[in-house]
file target21.cif (mmCIF, C-alpha atoms)
data_protein
#
loop_
_atom_site.group_PDB
_atom_site.id
_atom_site.type_symbol
_atom_site.label_atom_id
_atom_site.label_comp_id
_atom_site.auth_asym_id
_atom_site.auth_seq_id
_atom_site.Cartn_x
_atom_site.Cartn_y
_atom_site.Cartn_z
ATOM 1 C CA MET A 1 -43.574 -23.872 -11.671
ATOM 2 C CA SER A 2 -43.257 -23.707 -15.460
ATOM 3 C CA ARG A 3 -42.639 -26.688 -17.722
ATOM 4 C CA ARG A 4 -39.381 -25.335 -19.167
ATOM 5 C CA GLU A 5 -36.545 -27.822 -19.503
ATOM 6 C CA TYR A 6 -34.304 -27.216 -16.508
ATOM 7 C CA TYR A 7 -30.529 -27.404 -16.701
ATOM 8 C CA ILE A 8 -30.318 -28.110 -12.968
ATOM 9 C CA LYS A 9 -32.940 -30.824 -12.626
ATOM 10 C CA ALA A 10 -34.439 -31.000 -9.150
ATOM 11 C CA GLY A 11 -34.435 -34.795 -8.973
ATOM 12 C CA ASP A 12 -30.838 -35.231 -10.103
ATOM 13 C CA ALA A 13 -29.455 -32.321 -8.049
ATOM 14 C CA GLU A 14 -31.458 -33.067 -4.893
ATOM 15 C CA ASN A 15 -28.500 -33.163 -2.515
ATOM 16 C CA LEU A 16 -27.030 -29.927 -3.882
ATOM 17 C CA LEU A 17 -30.335 -28.061 -3.753
ATOM 18 C CA LYS A 18 -31.020 -29.201 -0.185
ATOM 19 C CA VAL A 19 -27.604 -28.136 1.072
ATOM 20 C CA ILE A 20 -27.797 -24.642 -0.467
ATOM 21 C CA GLY A 21 -31.311 -24.221 0.909
ATOM 22 C CA ILE A 22 -33.371 -24.190 -2.277
ATOM 23 C CA MET A 23 -35.055 -27.556 -1.718
ATOM 24 C CA GLY A 24 -36.811 -28.632 1.462
ATOM 25 C CA LYS A 25 -36.374 -31.947 3.268
ATOM 26 C CA ASN A 26 -39.515 -33.184 1.480
ATOM 27 C CA GLY A 27 -37.673 -33.161 -1.852
ATOM 28 C CA LYS A 28 -39.603 -30.186 -3.271
ATOM 29 C CA ILE A 29 -38.388 -26.711 -4.158
ATOM 30 C CA ARG A 30 -39.291 -24.413 -1.276
ATOM 31 C CA ASN A 31 -42.040 -21.931 -2.150
ATOM 32 C CA ASP A 32 -39.898 -18.991 -1.079
ATOM 33 C CA MET A 33 -37.038 -20.257 -3.257
ATOM 34 C CA ILE A 34 -38.837 -20.951 -6.550
ATOM 35 C CA ARG A 35 -37.786 -17.588 -7.943
ATOM 36 C CA LYS A 36 -34.176 -18.108 -6.837
ATOM 37 C CA TYR A 37 -34.139 -21.596 -8.394
ATOM 38 C CA ASN A 38 -35.438 -20.220 -11.678
ATOM 39 C CA GLN A 39 -32.895 -17.392 -11.649
ATOM 40 C CA ILE A 40 -29.983 -19.733 -11.012
ATOM 41 C CA ASP A 41 -31.113 -22.187 -13.671
ATOM 42 C CA HIS A 42 -31.543 -19.391 -16.215
ATOM 43 C CA PHE A 43 -28.029 -18.213 -15.387
ATOM 44 C CA VAL A 44 -26.726 -21.689 -16.240
ATOM 45 C CA GLU A 45 -28.749 -21.631 -19.460
ATOM 46 C CA LEU A 46 -27.225 -18.296 -20.493
ATOM 47 C CA ILE A 47 -23.610 -19.325 -19.917
ATOM 48 C CA HIS A 48 -23.889 -22.940 -21.082
ATOM 49 C CA PRO A 49 -22.506 -22.048 -24.559
ATOM 50 C CA LEU A 50 -19.575 -20.285 -22.883
ATOM 51 C CA LEU A 51 -18.849 -23.314 -20.703
ATOM 52 C CA GLU A 52 -18.915 -25.602 -23.740
ATOM 53 C CA SER A 53 -16.540 -23.283 -25.579
ATOM 54 C CA LEU A 54 -14.208 -23.109 -22.573
ATOM 55 C CA CYS A 55 -14.099 -26.879 -22.200
ATOM 56 C CA SER A 56 -13.333 -27.223 -25.892
ATOM 57 C CA GLU A 57 -10.513 -24.643 -25.667
ATOM 58 C CA LEU A 58 -8.947 -26.331 -22.650
ATOM 59 C CA GLY A 59 -9.112 -29.851 -24.027
ATOM 60 C CA GLY A 60 -10.116 -32.984 -22.147
ATOM 61 C CA LYS A 61 -7.500 -33.010 -19.380
ATOM 62 C CA ASN A 62 -7.395 -29.431 -18.112
ATOM 63 C CA ALA A 63 -9.758 -28.191 -15.407
ATOM 64 C CA VAL A 64 -11.918 -25.088 -15.911
ATOM 65 C CA ARG A 65 -10.756 -22.549 -13.321
ATOM 66 C CA ILE A 66 -13.407 -20.103 -12.120
ATOM 67 C CA ILE A 67 -13.227 -17.262 -9.613
ATOM 68 C CA ASP A 68 -16.362 -15.863 -7.977
ATOM 69 C CA CYS A 69 -15.754 -12.310 -6.719
ATOM 70 C CA ALA A 70 -17.969 -11.027 -3.892
ATOM 71 C CA CYS A 71 -19.302 -14.584 -3.789
ATOM 72 C CA GLY A 72 -21.682 -14.218 -0.815
ATOM 73 C CA LYS A 73 -23.137 -17.648 -0.060
ATOM 74 C CA SER A 74 -21.814 -18.867 -3.411
ATOM 75 C CA TYR A 75 -25.089 -20.244 -4.816
ATOM 76 C CA LEU A 76 -23.858 -19.814 -8.382
ATOM 77 C CA SER A 77 -20.500 -21.418 -7.757
ATOM 78 C CA PHE A 78 -22.068 -24.454 -6.111
ATOM 79 C CA VAL A 79 -24.564 -24.850 -8.935
ATOM 80 C CA LEU A 80 -21.950 -24.378 -11.662
ATOM 81 C CA ASN A 81 -19.597 -26.781 -9.897
ATOM 82 C CA TYR A 82 -22.340 -29.409 -9.943
ATOM 83 C CA TYR A 83 -23.234 -28.656 -13.564
ATOM 84 C CA ILE A 84 -19.681 -28.750 -14.910
ATOM 85 C CA LYS A 85 -18.703 -31.880 -12.960
ATOM 86 C CA GLU A 86 -21.882 -33.935 -12.915
ATOM 87 C CA VAL A 87 -23.705 -32.857 -16.070
ATOM 88 C CA MET A 88 -20.881 -31.880 -18.438
ATOM 89 C CA GLY A 89 -18.447 -34.426 -16.988
ATOM 90 C CA ARG A 90 -15.531 -32.003 -16.840
ATOM 91 C CA LYS A 91 -12.969 -31.105 -14.193
ATOM 92 C CA CYS A 92 -13.273 -27.687 -12.585
ATOM 93 C CA TYR A 93 -11.849 -25.637 -9.746
ATOM 94 C CA PHE A 94 -13.529 -22.731 -7.935
ATOM 95 C CA THR A 95 -12.238 -19.888 -5.791
ATOM 96 C CA GLY A 96 -14.730 -17.672 -3.948
ATOM 97 C CA LEU A 97 -13.723 -14.271 -2.573
ATOM 98 C CA ASP A 98 -15.649 -12.175 -0.071
ATOM 99 C CA TYR A 99 -14.684 -9.800 2.744
ATOM 100 C CA ASN A 100 -17.530 -11.081 4.955
ATOM 101 C CA PRO A 101 -16.252 -13.883 7.236
ATOM 102 C CA VAL A 102 -19.782 -15.157 7.910
ATOM 103 C CA VAL A 103 -20.582 -15.977 4.276
ATOM 104 C CA ILE A 104 -17.119 -17.456 3.775
ATOM 105 C CA ALA A 105 -17.692 -19.776 6.752
ATOM 106 C CA ASP A 106 -21.151 -20.716 5.415
ATOM 107 C CA SER A 107 -19.695 -21.496 1.980
ATOM 108 C CA GLU A 108 -16.927 -23.631 3.476
ATOM 109 C CA LYS A 109 -19.476 -25.563 5.517
ATOM 110 C CA MET A 110 -21.674 -26.259 2.475
ATOM 111 C CA ALA A 111 -18.658 -27.315 0.390
ATOM 112 C CA SER A 112 -17.709 -29.758 3.151
ATOM 113 C CA GLU A 113 -21.231 -31.184 3.305
ATOM 114 C CA LEU A 114 -21.237 -31.673 -0.456
ATOM 115 C CA ARG A 115 -17.667 -33.037 -0.445
ATOM 116 C CA TYR A 116 -16.687 -30.465 -3.027
ATOM 117 C CA ASN A 117 -12.952 -30.582 -2.444
ATOM 118 C CA ASN A 118 -12.317 -28.594 -5.606
ATOM 119 C CA MET A 119 -13.650 -25.372 -4.046
ATOM 120 C CA GLU A 120 -11.895 -22.861 -1.799
ATOM 121 C CA PHE A 121 -13.281 -19.728 -0.156
ATOM 122 C CA ILE A 122 -11.093 -16.847 0.935
ATOM 123 C CA GLU A 123 -11.943 -13.947 3.222
ATOM 124 C CA THR A 124 -10.348 -10.969 1.488
ATOM 125 C CA ASN A 125 -10.863 -7.668 -0.247
ATOM 126 C CA ILE A 126 -10.893 -8.276 -4.001
ATOM 127 C CA MET A 127 -8.445 -5.402 -4.499
ATOM 128 C CA TYR A 128 -5.773 -7.086 -2.410
ATOM 129 C CA TYR A 129 -6.107 -10.700 -3.507
ATOM 130 C CA GLU A 130 -3.020 -12.034 -5.279
ATOM 131 C CA PRO A 131 -3.955 -15.189 -7.223
ATOM 132 C CA LYS A 132 -1.687 -18.209 -7.157
ATOM 133 C CA GLN A 133 -3.008 -19.448 -10.500
ATOM 134 C CA GLU A 134 -4.632 -18.264 -13.688
ATOM 135 C CA TYR A 135 -8.421 -18.253 -14.086
ATOM 136 C CA ASP A 136 -10.470 -18.919 -17.199
ATOM 137 C CA LEU A 137 -13.712 -17.277 -16.053
ATOM 138 C CA LEU A 138 -14.612 -14.576 -13.549
ATOM 139 C CA LEU A 139 -18.119 -14.405 -12.086
ATOM 140 C CA THR A 140 -19.564 -11.555 -10.099
ATOM 141 C CA LEU A 141 -23.252 -11.392 -9.237
ATOM 142 C CA HIS A 142 -24.810 -8.347 -7.570
ATOM 143 C CA ALA A 143 -21.552 -7.153 -6.035
ATOM 144 C CA CYS A 144 -22.559 -3.897 -4.392
ATOM 145 C CA ASP A 145 -21.424 -0.518 -5.673
ATOM 146 C CA THR A 146 -17.696 -0.419 -6.515
ATOM 147 C CA ALA A 147 -17.191 -4.139 -5.743
ATOM 148 C CA THR A 148 -18.394 -4.842 -9.294
ATOM 149 C CA ASP A 149 -15.649 -2.584 -10.660
ATOM 150 C CA MET A 150 -13.072 -4.191 -8.386
ATOM 151 C CA ALA A 151 -14.042 -7.590 -9.786
ATOM 152 C CA LEU A 152 -13.757 -6.337 -13.370
ATOM 153 C CA ASN A 153 -10.394 -4.770 -12.525
ATOM 154 C CA PHE A 154 -9.223 -8.113 -11.152
ATOM 155 C CA ALA A 155 -10.166 -9.798 -14.426
ATOM 156 C CA MET A 156 -8.316 -7.244 -16.528
ATOM 157 C CA LYS A 157 -5.246 -7.088 -14.266
ATOM 158 C CA ASN A 158 -4.925 -10.883 -14.182
ATOM 159 C CA ASN A 159 -5.791 -11.510 -17.828
ATOM 160 C CA VAL A 160 -8.955 -13.531 -17.178
ATOM 161 C CA LYS A 161 -10.282 -14.299 -20.642
ATOM 162 C CA HIS A 162 -13.998 -14.579 -19.833
ATOM 163 C CA ILE A 163 -16.184 -12.409 -17.588
ATOM 164 C CA VAL A 164 -19.822 -12.844 -16.595
ATOM 165 C CA CYS A 165 -21.050 -9.950 -14.470
ATOM 166 C CA VAL A 166 -24.486 -9.028 -13.111
ATOM 167 C CA PRO A 167 -23.981 -5.552 -11.589
ATOM 168 C CA CYS A 168 -25.839 -4.212 -8.568
ATOM 169 C CA CYS A 169 -26.050 -0.655 -7.221
ATOM 170 C CA HIS A 170 -24.323 2.260 -8.922
ATOM 171 C CA ARG A 171 -23.871 4.780 -6.119
ATOM 172 C CA GLU A 172 -20.508 6.051 -7.354
ATOM 173 C CA MET A 173 -21.929 7.511 -10.575
ATOM 174 C CA ASN A 174 -25.218 8.637 -9.042
ATOM 175 C CA GLU A 175 -23.528 10.776 -6.395
ATOM 176 C CA THR A 176 -21.329 12.726 -8.801
ATOM 177 C CA TYR A 177 -22.483 12.918 -12.417
ATOM 178 C CA SER A 178 -24.257 15.727 -14.238
ATOM 179 C CA LEU A 179 -25.736 16.156 -17.710
ATOM 180 C CA GLY A 180 -25.730 19.700 -18.965
ATOM 181 C CA GLY A 181 -29.170 20.791 -20.156
ATOM 182 C CA PHE A 182 -30.959 17.951 -18.340
ATOM 183 C CA GLU A 183 -31.085 19.513 -14.877
ATOM 184 C CA ASP A 184 -34.891 19.673 -14.885
ATOM 185 C CA ILE A 185 -35.028 15.913 -15.468
ATOM 186 C CA LEU A 186 -32.260 14.924 -13.084
ATOM 187 C CA LYS A 187 -33.946 16.787 -10.219
ATOM 188 C CA TYR A 188 -36.195 13.722 -9.923
ATOM 189 C CA GLY A 189 -34.097 11.365 -7.826
ATOM 190 C CA ILE A 190 -35.486 8.119 -9.185
ATOM 191 C CA LEU A 191 -34.814 9.185 -12.781
ATOM 192 C CA LYS A 192 -31.315 10.376 -11.920
ATOM 193 C CA ALA A 193 -30.588 6.994 -10.290
ATOM 194 C CA ARG A 194 -31.890 4.979 -13.248
ATOM 195 C CA ILE A 195 -29.890 7.042 -15.718
ATOM 196 C CA ALA A 196 -26.833 6.529 -13.494
ATOM 197 C CA ASP A 197 -27.410 2.762 -13.648
ATOM 198 C CA ALA A 198 -27.421 2.770 -17.447
ATOM 199 C CA LEU A 199 -24.476 5.152 -17.723
ATOM 200 C CA THR A 200 -22.364 3.150 -15.268
ATOM 201 C CA ASP A 201 -22.920 -0.168 -17.028
ATOM 202 C CA GLY A 202 -22.350 1.482 -20.392
ATOM 203 C CA MET A 203 -19.083 2.952 -19.158
ATOM 204 C CA ARG A 204 -18.043 -0.422 -17.762
ATOM 205 C CA ALA A 205 -18.701 -2.006 -21.159
ATOM 206 C CA LYS A 206 -16.764 0.766 -22.894
ATOM 207 C CA TYR A 207 -13.718 0.299 -20.654
ATOM 208 C CA LEU A 208 -13.743 -3.469 -21.138
ATOM 209 C CA GLU A 209 -13.878 -2.965 -24.913
ATOM 210 C CA ALA A 210 -10.954 -0.537 -24.691
ATOM 211 C CA TYR A 211 -9.068 -3.209 -22.764
ATOM 212 C CA GLY A 212 -9.523 -5.689 -25.608
ATOM 213 C CA TYR A 213 -12.723 -7.520 -24.652
ATOM 214 C CA ASP A 214 -15.684 -8.251 -26.894
ATOM 215 C CA VAL A 215 -18.679 -7.215 -24.778
ATOM 216 C CA SER A 216 -22.410 -7.891 -24.804
ATOM 217 C CA VAL A 217 -25.034 -6.524 -22.427
ATOM 218 C CA VAL A 218 -28.179 -8.630 -22.137
ATOM 219 C CA GLU A 219 -31.211 -8.934 -19.884
ATOM 220 C CA TYR A 220 -30.493 -11.655 -17.341
ATOM 221 C CA ILE A 221 -33.979 -12.093 -15.864
ATOM 222 C CA SER A 222 -37.286 -10.256 -15.940
ATOM 223 C CA PRO A 223 -37.301 -6.762 -14.386
ATOM 224 C CA LEU A 224 -40.314 -8.016 -12.425
ATOM 225 C CA ASP A 225 -37.874 -10.163 -10.417
ATOM 226 C CA THR A 226 -35.307 -7.410 -9.868
ATOM 227 C CA PRO A 227 -34.517 -4.086 -11.568
ATOM 228 C CA LYS A 228 -30.812 -5.067 -11.410
ATOM 229 C CA ASN A 229 -31.306 -7.516 -14.240
ATOM 230 C CA LEU A 230 -28.545 -6.802 -16.739
ATOM 231 C CA MET A 231 -25.725 -9.195 -17.504
ATOM 232 C CA ILE A 232 -22.397 -8.057 -18.931
ATOM 233 C CA ARG A 233 -20.531 -10.796 -20.803
ATOM 234 C CA ALA A 234 -17.005 -10.212 -22.024
ATOM 235 C CA GLU A 235 -14.296 -12.202 -23.779
ATOM 236 C CA LYS A 236 -10.696 -11.051 -24.164
ATOM 237 C CA ARG A 237 -9.841 -10.942 -27.863
ATOM 238 C CA ARG A 238 -7.364 -8.106 -28.446
ATOM 239 C CA GLY A 239 -4.714 -5.930 -26.865
ATOM 240 C CA ILE A 240 -5.402 -2.607 -25.157
ATOM 241 C CA ASP A 241 -6.605 0.294 -27.334
ATOM 242 C CA TYR A 242 -5.178 3.356 -25.590
ATOM 243 C CA ASP A 243 -7.178 5.755 -27.771
ATOM 244 C CA LYS A 244 -10.374 4.153 -26.459
ATOM 245 C CA ILE A 245 -9.026 4.352 -22.914
ATOM 246 C CA ARG A 246 -8.595 8.108 -23.402
ATOM 247 C CA GLU A 247 -12.138 8.304 -24.811
ATOM 248 C CA PHE A 248 -13.390 6.665 -21.629
ATOM 249 C CA TYR A 249 -11.723 9.259 -19.418
ATOM 250 C CA ASP A 250 -12.910 12.073 -21.687
ATOM 251 C CA LEU A 251 -16.480 10.860 -21.139
ATOM 252 C CA CYS A 252 -15.905 10.723 -17.384
ATOM 253 C CA GLU A 253 -14.744 14.328 -17.520
ATOM 254 C CA LYS A 254 -17.807 15.388 -19.500
ATOM 255 C CA LEU A 255 -20.027 13.715 -16.925
ATOM 256 C CA GLY A 256 -18.098 15.256 -14.060
ATOM 257 C CA THR A 257 -17.492 11.870 -12.492
ATOM 258 C CA SER A 258 -14.912 9.146 -12.005
ATOM 259 C CA LEU A 259 -15.334 5.391 -11.768
ATOM 260 C CA THR A 260 -13.376 2.695 -9.969
ATOM 261 C CA ILE A 261 -13.140 0.575 -13.116
ATOM 262 C CA GLY A 262 -9.650 0.856 -14.551
ATOM 263 C CA ASP A 263 -8.183 1.948 -11.208
ATOM 264 C CA PHE A 264 -5.651 -0.842 -10.709
#

call {"tool": "encode", "arguments": {"input": "target21.cif", "output": "structure tokens"}}
result
Amino acid sequence: MSRREYYIKAGDAENLLKVIGIMGKNGKIRNDMIRKYNQIDHFVELIHPLLESLCSELGGKNAVRIIDCACGKSYLSFVLNYYIKEVMGRKCYFTGLDYNPVVIADSEKMASELRYNNMEFIETNIMYYEPKQEYDLLLTLHACDTATDMALNFAMKNNVKHIVCVPCCHREMNETYSLGGFEDILKYGILKARIADALTDGMRAKYLEAYGYDVSVVEYISPLDTPKNLMIRAEKRRGIDYDKIREFYDLCEKLGTSLTIGDF
């Protein structure tokens, strides 16, 4: 392992890392989990400035409220819960959503083992979840296909100020789009799929900007780890620009496609 300064230090976070399966009983990071540990820690590094800004905005008494859409086994939520509470010394509250009852049950079990009473996990479709509270930050990591768009729609519909999204597959665009004059290039399936990836994430960023968010798209981890390595970060700053919304749909029409983002 490298000598970089870790945000989630193995010695301090031993109990957490053991419960989520990254550390073995011997107190060492499991060989098959070194990459996952590095990815999670780098995620914390990337959003640390955002967390500091959020805590400053909320003041000393208010908890940071975070929702993790398509949470899976909730690795990121558990790690961020530890980091915000134990390292930053701030109150926080997490909600994890996933339609898979198995991963929800696993997450509930791990939260119980860790005595993280400030976390809840709900078996639901993101589209149908009606929140009982406001959230400061929405996370979604590798939510497959349109689940990423559903998560972004949730953030916009419920006025979540901050979004951190690492998209996954982009089947919706790939199955429908066309680029006039580029047919001889798009006949190669792998190239068509990669172009669809870039177009989809670009269109997502464009819609978020139209909805009043400042957006950045950065490389999350090395493409050697996974080709799905982009991170979309967004912060709500303005009202909706309906001219830009129309531009978005004009682009969809030119591409001969439609996207789930904005469909709420």

call {"tool": "resolve_selection", "arguments": {"input": "target21.cif", "expression": "the PyMOL selection byres ((chain A and resi 160) around 10)", "output": "list in words"}}
result
Arg65, Ile66, Ile67, Glu134, Tyr135, Asp136, Leu137, Leu138, Leu152, Phe154, Ala155, Met156, Lys157, Asn158, Asn159, Lys161, His162, Ile163, Ala234, Glu235 and Lys236 of chain A

call {"tool": "closest_residue", "arguments": {"input": "target21.cif", "among": "A:Met173, A:Leu141, A:Val102, A:Ile126", "to": "Gly202 (chain A)", "atoms": "all atoms listed in the file"}}
result
A:Met173

call {"tool": "resolve_selection", "arguments": {"input": "target21.cif", "expression": "the PyMOL selection byres ((chain A and resi 125) around 10)", "output": "JSON list (two decimals) with C-alpha atoms, in the frame of the given file"}}
result
[["chain", "number", "residue", "atom", "x", "y", "z"],
["A", 69, "CYS", "CA", -15.75, -12.31, -6.72],
["A", 70, "ALA", "CA", -17.97, -11.03, -3.89],
["A", 97, "LEU", "CA", -13.72, -14.27, -2.57],
["A", 98, "ASP", "CA", -15.65, -12.18, -0.07],
["A", 99, "TYR", "CA", -14.68, -9.80, 2.74],
["A", 100, "ASN", "CA", -17.53, -11.08, 4.96],
["A", 122, "ILE", "CA", -11.09, -16.85, 0.94],
["A", 123, "GLU", "CA", -11.94, -13.95, 3.22],
["A", 124, "THR", "CA", -10.35, -10.97, 1.49],
["A", 126, "ILE", "CA", -10.89, -8.28, -4.00],
["A", 127, "MET", "CA", -8.44, -5.40, -4.50],
["A", 128, "TYR", "CA", -5.77, -7.09, -2.41],
["A", 129, "TYR", "CA", -6.11, -10.70, -3.51],
["A", 147, "ALA", "CA", -17.19, -4.14, -5.74],
["A", 150, "MET", "CA", -13.07, -4.19, -8.39]]

call {"tool": "residues_near_point", "arguments": {"input": "target21.cif", "point": "(-16.0, -19.6, 0.4)", "cutoff": "6 Å", "atoms": "only C-alpha atoms", "output": "number ranges by chain"}}
result
A: 96, 104, 107-108, 120-122

call {"tool": "residues_around", "arguments": {"input": "target21.cif", "residues": "Phe78 (chain A)", "least_positions_apart": "3", "cutoff": "10 Å", "atoms": "all atoms listed in the file", "output": "PDB file with C-alpha atoms, keeping the file's coordinate frame"}}
result
ATOM      1  CA  LEU A  16     -27.030 -29.927  -3.882  1.00  0.00           C
ATOM      2  CA  LEU A  17     -30.335 -28.061  -3.753  1.00  0.00           C
ATOM      3  CA  VAL A  19     -27.604 -28.136   1.072  1.00  0.00           C
ATOM      4  CA  ILE A  20     -27.797 -24.642  -0.467  1.00  0.00           C
ATOM      5  CA  LYS A  73     -23.137 -17.648  -0.060  1.00  0.00           C
ATOM      6  CA  SER A  74     -21.814 -18.867  -3.411  1.00  0.00           C
ATOM      7  CA  TYR A  75     -25.089 -20.244  -4.816  1.00  0.00           C
ATOM      8  CA  ASN A  81     -19.597 -26.781  -9.897  1.00  0.00           C
ATOM      9  CA  TYR A  82     -22.340 -29.409  -9.943  1.00  0.00           C
ATOM     10  CA  TYR A  83     -23.234 -28.656 -13.564  1.00  0.00           C
ATOM     11  CA  PHE A  94     -13.529 -22.731  -7.935  1.00  0.00           C
ATOM     12  CA  SER A 107     -19.695 -21.496   1.980  1.00  0.00           C
ATOM     13  CA  MET A 110     -21.674 -26.259   2.475  1.00  0.00           C
ATOM     14  CA  ALA A 111     -18.658 -27.315   0.390  1.00  0.00           C
ATOM     15  CA  LEU A 114     -21.237 -31.673  -0.456  1.00  0.00           C
ATOM     16  CA  TYR A 116     -16.687 -30.465  -3.027  1.00  0.00           C
ATOM     17  CA  MET A 119     -13.650 -25.372  -4.046  1.00  0.00           C
TER      18      MET A 119
END

call {"tool": "atom_distance", "arguments": {"input": "target21.cif", "atom1": "CA of Glu14 (chain A)", "atom2": "CA of Arg35 (chain A)"}}
result
17.0 Å

call {"tool": "residues_around", "arguments": {"input": "target21.cif", "residues": "Ile40 (chain A)", "least_positions_apart": "3", "cutoff": "9 Å", "atoms": "all atoms listed in the file", "output": "number ranges by chain"}}
result
A: 8, 35-37, 43-45, 75-76, 79

call {"tool": "closest_residue", "arguments": {"input": "target21.cif", "among": "A:Leu54, A:Leu186, A:Val164, A:Leu259", "to": "Tyr207 (chain A)", "atoms": "all atoms listed in the file"}}
result
A:Leu259

call {"tool": "atom_distance", "arguments": {"input": "target21.cif", "atom1": "CA of Arg30 (chain A)", "atom2": "CA of Lys18 (chain A)"}}
result
9.6 Å

call {"tool": "atom_distance", "arguments": {"input": "target21.cif", "atom1": "CA of Asp241 (chain A)", "atom2": "CA of Lys254 (chain A)"}}
result
20.4 Å

call {"tool": "closest_residue", "arguments": {"input": "target21.cif", "among": "A:Glu247, A:Glu52, A:Glu5, A:Asp201", "to": "Thr148 (chain A)", "atoms": "only C-alpha atoms"}}
result
A:Asp201

call {"tool": "resolve_selection", "arguments": {"input": "target21.cif", "expression": "the PyMOL selection byres ((chain A and resi 178) around 12)", "output": "ChimeraX atom specification"}}
result
/A:173-177,179-187,192-193,195-196,199,251-258
